[in-house]
$ cat structure-v5.txt   # compact mmCIF, C-alpha atoms
# COMPACT_ATOMS: atom_id res chain seq x y z
CA MET A 24 -8.00 17.15 9.36
CA ILE A 25 -5.86 14.50 11.01
CA LEU A 26 -6.92 11.82 8.52
CA ARG A 27 -6.24 14.05 5.53
CA ASN A 28 -2.76 14.83 6.85
CA GLY A 29 -2.25 11.16 7.68
CA LEU A 30 -3.13 10.14 4.14
CA ALA A 31 -0.65 12.68 2.76
CA LEU A 32 1.97 11.46 5.21
CA GLY A 33 1.24 7.85 4.26
CA ALA A 34 1.75 8.71 0.59
CA CYS A 35 5.05 10.42 1.42
CA VAL A 36 6.25 7.45 3.49
CA GLY A 37 5.22 5.04 0.73
CA LEU A 38 7.06 7.10 -1.88
CA ALA A 39 10.13 7.26 0.35
CA GLY A 40 10.05 3.49 0.82
CA THR A 41 9.67 3.02 -2.92
CA SER A 42 12.61 5.32 -3.58
CA VAL A 43 14.88 3.60 -1.07
CA THR A 44 13.98 0.14 -2.34
CA LEU A 45 14.60 1.14 -5.96
CA ALA A 46 17.89 2.78 -4.94
CA VAL A 47 19.05 -0.51 -3.38
CA TRP A 48 18.62 -2.43 -6.65
CA PRO A 49 22.08 -1.53 -8.05
CA LEU A 50 23.66 -2.92 -4.87
CA LEU A 51 22.23 -6.43 -5.29
CA PRO A 52 25.00 -7.68 -7.61
CA HIS A 53 27.49 -6.73 -4.89
CA LEU A 54 25.54 -8.83 -2.37
CA SER A 55 26.30 -12.09 -4.19
CA GLN A 56 22.98 -12.30 -6.00
CA PRO A 57 23.29 -14.69 -8.97
CA PRO A 58 23.01 -13.02 -12.40
CA GLU A 59 20.19 -15.36 -13.47
CA VAL A 60 18.13 -14.22 -10.46
CA LEU A 61 18.81 -10.55 -11.18
CA ALA A 62 17.87 -11.06 -14.84
CA ILE A 63 14.28 -12.01 -14.00
CA MET A 64 13.82 -10.08 -10.77
CA PHE A 65 13.86 -6.40 -11.83
CA PRO A 66 10.18 -6.05 -12.92
CA TYR A 67 9.08 -7.83 -9.75
CA TRP A 68 11.35 -5.60 -7.64
CA VAL A 69 9.85 -2.46 -9.20
CA ALA A 70 6.25 -3.64 -8.70
CA ILE A 71 6.84 -4.57 -5.06
CA SER A 72 8.64 -1.27 -4.49
CA VAL A 73 5.71 0.71 -5.90
CA LEU A 74 3.32 -1.43 -3.81
CA MET A 75 4.63 0.42 -0.75
CA VAL A 76 2.60 3.51 -1.72
CA PRO A 77 -0.90 1.95 -1.61
CA PHE A 78 0.14 -0.19 1.35
CA ALA A 79 1.23 2.85 3.40
CA ILE A 80 -1.95 4.77 2.56
CA LEU A 81 -4.13 1.75 3.34
CA THR A 82 -2.35 1.46 6.69
CA VAL A 83 -3.42 5.03 7.47
CA PHE A 84 -7.03 4.12 6.68
CA LYS A 85 -6.71 1.03 8.87
CA SER A 86 -5.45 3.16 11.75
CA ALA A 87 -8.26 5.68 11.24
CA PHE A 88 -10.88 2.93 11.30
CA GLU A 89 -9.36 1.60 14.52
CA ALA A 90 -9.42 5.11 16.01
CA VAL A 91 -13.18 5.39 15.40
CA ASN A 92 -13.79 1.99 16.96
CA ARG A 93 -14.18 0.09 13.66
CA PRO A 94 -11.03 -2.09 13.78
CA TRP A 95 -12.45 -4.95 11.74
CA LEU A 96 -13.19 -2.60 8.89
CA GLY A 97 -9.51 -1.80 8.42
CA THR A 98 -8.63 -5.45 8.80
CA GLY A 99 -11.26 -6.30 6.20
CA PHE A 100 -9.69 -4.00 3.63
CA ALA A 101 -6.27 -5.52 4.36
CA PHE A 102 -7.72 -9.03 3.86
CA LEU A 103 -9.45 -7.85 0.70
CA ALA A 104 -6.00 -7.26 -0.80
CA VAL A 105 -5.05 -10.86 0.05
CA ILE A 106 -8.30 -12.26 -1.35
CA ILE A 107 -7.82 -10.36 -4.62
CA ASN A 108 -4.13 -11.23 -4.74
CA ILE A 109 -4.52 -15.01 -4.70
CA PRO A 110 -6.45 -15.50 -7.97
CA LEU A 111 -4.80 -12.52 -9.62
CA ASN A 112 -1.31 -13.84 -8.88
CA TYR A 113 -2.28 -17.27 -10.14
CA ALA A 114 -3.68 -15.84 -13.37
CA LEU A 115 -0.73 -13.54 -13.99
CA ILE A 116 1.98 -16.02 -13.04
CA TRP A 117 0.64 -18.96 -15.05
CA GLY A 118 -1.42 -17.14 -17.68
CA GLY A 119 -4.75 -18.30 -18.97
CA GLY A 120 -7.38 -16.98 -21.31
CA PRO A 121 -6.28 -13.60 -22.60
CA LEU A 122 -3.59 -13.24 -19.94
CA PRO A 123 -0.01 -14.09 -20.84
CA GLN A 124 2.20 -16.21 -18.60
CA LEU A 125 4.32 -13.60 -16.77
CA GLY A 126 5.98 -15.67 -14.05
CA LEU A 127 7.65 -13.65 -11.30
CA THR A 128 6.71 -10.38 -13.00
CA GLY A 129 3.07 -11.45 -12.85
CA ALA A 130 3.37 -12.00 -9.10
CA GLY A 131 4.60 -8.44 -8.62
CA ILE A 132 1.95 -6.94 -10.86
CA GLY A 133 -0.79 -9.02 -9.23
CA SER A 134 0.27 -7.94 -5.74
CA LEU A 135 0.45 -4.28 -6.74
CA VAL A 136 -2.97 -4.37 -8.42
CA ALA A 137 -4.55 -6.20 -5.46
CA GLU A 138 -3.21 -3.65 -2.97
CA ALA A 139 -4.33 -0.77 -5.19
CA LEU A 140 -7.84 -2.23 -5.49
CA ALA A 141 -8.08 -2.70 -1.71
CA LEU A 142 -7.00 0.93 -1.27
CA LEU A 143 -9.55 2.06 -3.85
CA SER A 144 -12.24 0.14 -1.95
CA ALA A 145 -11.25 1.82 1.33
CA CYS A 146 -11.32 5.24 -0.38
CA VAL A 147 -14.77 4.62 -1.83
CA PHE A 148 -16.06 3.44 1.54
CA TRP A 149 -14.57 6.47 3.28
CA ARG A 150 -16.07 8.86 0.70
CA ARG A 151 -19.57 7.30 0.68
CA ALA A 152 -20.28 5.75 4.08
CA LYS A 153 -22.45 7.85 6.38
CA SER A 154 -20.52 6.51 9.36
CA MET A 155 -17.35 8.12 7.97
CA ARG A 156 -18.88 11.56 7.42
CA ARG A 157 -17.09 13.06 10.42
CA LEU A 158 -13.72 11.98 8.97
CA ARG A 159 -14.35 13.79 5.70
CA LEU A 160 -13.85 17.30 7.00
CA ARG A 161 -12.30 19.64 4.45
CA ALA A 162 -9.08 21.07 5.76
CA ALA A 163 -5.81 22.23 4.35
CA LEU A 164 -2.79 20.01 4.63
CA SER A 165 -0.57 21.00 7.52
CA GLN A 166 3.13 20.23 7.64
CA ALA A 167 3.10 20.97 11.37
CA GLU A 168 0.31 18.42 11.90
CA MET A 169 2.18 15.80 9.84
CA ALA A 170 5.40 16.50 11.76
CA SER A 171 3.57 16.10 15.05
CA VAL A 172 3.08 12.37 14.43
CA GLY A 173 6.80 11.79 14.11
CA PRO A 174 9.01 10.23 16.75
CA ARG A 175 8.87 11.88 20.14
CA GLN A 176 11.55 11.96 22.74
CA VAL A 177 10.58 10.37 26.02
CA ARG A 178 11.76 12.14 29.13

$ encode --input "structure-v5.txt" --output "structure tokens"
Amino acid sequence: MILRNGLALGACVGLAGTSVTLAVWPLLPHLSQPPEVLAIMFPYWVAISVLMVPFAILTVFKSAFEAVNRPWLGTGFAFLAVIINIPLNYALIWGGGPLPQLGLTGAGIGSLVAEALALLSACVFWRRAKSMRRLRLRAALSQAEMASVGPRQVR
């Protein structure tokens, strides 16, 4: 139940981060960003903003794997994103074969796709691995449970 609520909370945090980052975009011209930079940066900005959703959810999986004494598993999925990202970024930035040369936009798309594939891999592992069976309990989402992981006041 805790993992299910954590995954929902991770999705909410990722969406909130995406929303805030996208909301900041209109402020960039007022922060002395050159127009030529802004002209090419918007697609990259959007892709990196959206990347916060799979990243936040993958972070919940990483924490869950650490909680069940499998810390390298979570680290492995995080590194998988990096391993996928390197050739994908290269291919999408510079083009090659059927892929067009996308430059900075390609870097954003490559990073987003790599993070999403790492998250998909963690989901598949979680759903199929016998060692994760105890984490797959069916339970309803609980707002109270999600709120309980928020900041606590220390006395």

$ residues_near_point --input "structure-v5.txt" --point "(15.8, 2.7, -2.3)" --cutoff "12 Å" --atoms "only C-alpha atoms" --output "PDB file with C-alpha atoms, in the coordinates of the input"
ATOM      1  CA  GLY A  37       5.220   5.040   0.730  1.00  0.00           C
ATOM      2  CA  LEU A  38       7.060   7.100  -1.880  1.00  0.00           C
ATOM      3  CA  ALA A  39      10.130   7.260   0.350  1.00  0.00           C
ATOM      4  CA  GLY A  40      10.050   3.490   0.820  1.00  0.00           C
ATOM      5  CA  THR A  41       9.670   3.020  -2.920  1.00  0.00           C
ATOM      6  CA  SER A  42      12.610   5.320  -3.580  1.00  0.00           C
ATOM      7  CA  VAL A  43      14.880   3.600  -1.070  1.00  0.00           C
ATOM      8  CA  THR A  44      13.980   0.140  -2.340  1.00  0.00           C
ATOM      9  CA  LEU A  45      14.600   1.140  -5.960  1.00  0.00           C
ATOM     10  CA  ALA A  46      17.890   2.780  -4.940  1.00  0.00           C
ATOM     11  CA  VAL A  47      19.050  -0.510  -3.380  1.00  0.00           C
ATOM     12  CA  TRP A  48      18.620  -2.430  -6.650  1.00  0.00           C
ATOM     13  CA  PRO A  49      22.080  -1.530  -8.050  1.00  0.00           C
ATOM     14  CA  LEU A  50      23.660  -2.920  -4.870  1.00  0.00           C
ATOM     15  CA  LEU A  51      22.230  -6.430  -5.290  1.00  0.00           C
ATOM     16  CA  TRP A  68      11.350  -5.600  -7.640  1.00  0.00           C
ATOM     17  CA  VAL A  69       9.850  -2.460  -9.200  1.00  0.00           C
ATOM     18  CA  ILE A  71       6.840  -4.570  -5.060  1.00  0.00           C
ATOM     19  CA  SER A  72       8.640  -1.270  -4.490  1.00  0.00           C
ATOM     20  CA  VAL A  73       5.710   0.710  -5.900  1.00  0.00           C
ATOM     21  CA  MET A  75       4.630   0.420  -0.750  1.00  0.00           C
TER      22      MET A  75
END

$ residues_around --input "structure-v5.txt" --residues "Thr82 (chain A)" --least-positions-apart "3" --cutoff "10 Å" --atoms "only C-alpha atoms" --output "ChimeraX atom specification"
/A:29-30,33,76-79,85-88,97-98,100-101,142

$ write_last_selection --input "structure-v5.txt" --atoms "C-alpha atoms" --output "short mmCIF file (atom, residue, chain, number, x, y, z; two decimals), in the frame of the given file"
data_model
loop_
_atom_site.label_atom_id
_atom_site.label_comp_id
_atom_site.auth_asym_id
_atom_site.auth_seq_id
_atom_site.Cartn_x
_atom_site.Cartn_y
_atom_site.Cartn_z
CA GLY A 29 -2.25 11.16 7.68
CA LEU A 30 -3.13 10.14 4.14
CA GLY A 33 1.24 7.85 4.26
CA VAL A 76 2.60 3.51 -1.72
CA PRO A 77 -0.90 1.95 -1.61
CA PHE A 78 0.14 -0.19 1.35
CA ALA A 79 1.23 2.85 3.40
CA LYS A 85 -6.71 1.03 8.87
CA SER A 86 -5.45 3.16 11.75
CA ALA A 87 -8.26 5.68 11.24
CA PHE A 88 -10.88 2.93 11.30
CA GLY A 97 -9.51 -1.80 8.42
CA THR A 98 -8.63 -5.45 8.80
CA PHE A 100 -9.69 -4.00 3.63
CA ALA A 101 -6.27 -5.52 4.36
CA LEU A 142 -7.00 0.93 -1.27
#

$ closest_residue --input "structure-v5.txt" --among "A:Leu74, A:Leu158, A:Val147, A:Leu54" --to "Leu135 (chain A)" --atoms "all atoms listed in the file"
A:Leu74

$ residues_around --input "structure-v5.txt" --residues "Cys146 (chain A)" --least-positions-apart "6" --cutoff "10 Å" --atoms "only C-alpha atoms" --output "list of chain:residue names"
A:Ile80, A:Leu81, A:Phe84, A:Leu140

$ atom_distance --input "structure-v5.txt" --atom1 "CA of Trp149 (chain A)" --atom2 "CA of Ala137 (chain A)"
18.4 Å

$ closest_residue --input "structure-v5.txt" --among "A:Trp117, A:Ser144, A:Phe102, A:Leu111" --to "Ile132 (chain A)" --atoms "all atoms listed in the file"
A:Leu111

$ closest_residue --input "structure-v5.txt" --among "A:Leu96, A:Ser55, A:Ile25, A:Leu61" --to "Ala152 (chain A)" --atoms "all atoms listed in the file"
A:Leu96

$ atom_distance --input "structure-v5.txt" --atom1 "CA of Val105 (chain A)" --atom2 "CA of Gly118 (chain A)"
19.2 Å

$ atom_distance --input "structure-v5.txt" --atom1 "CA of Ile63 (chain A)" --atom2 "CA of Glu138 (chain A)"
22.3 Å
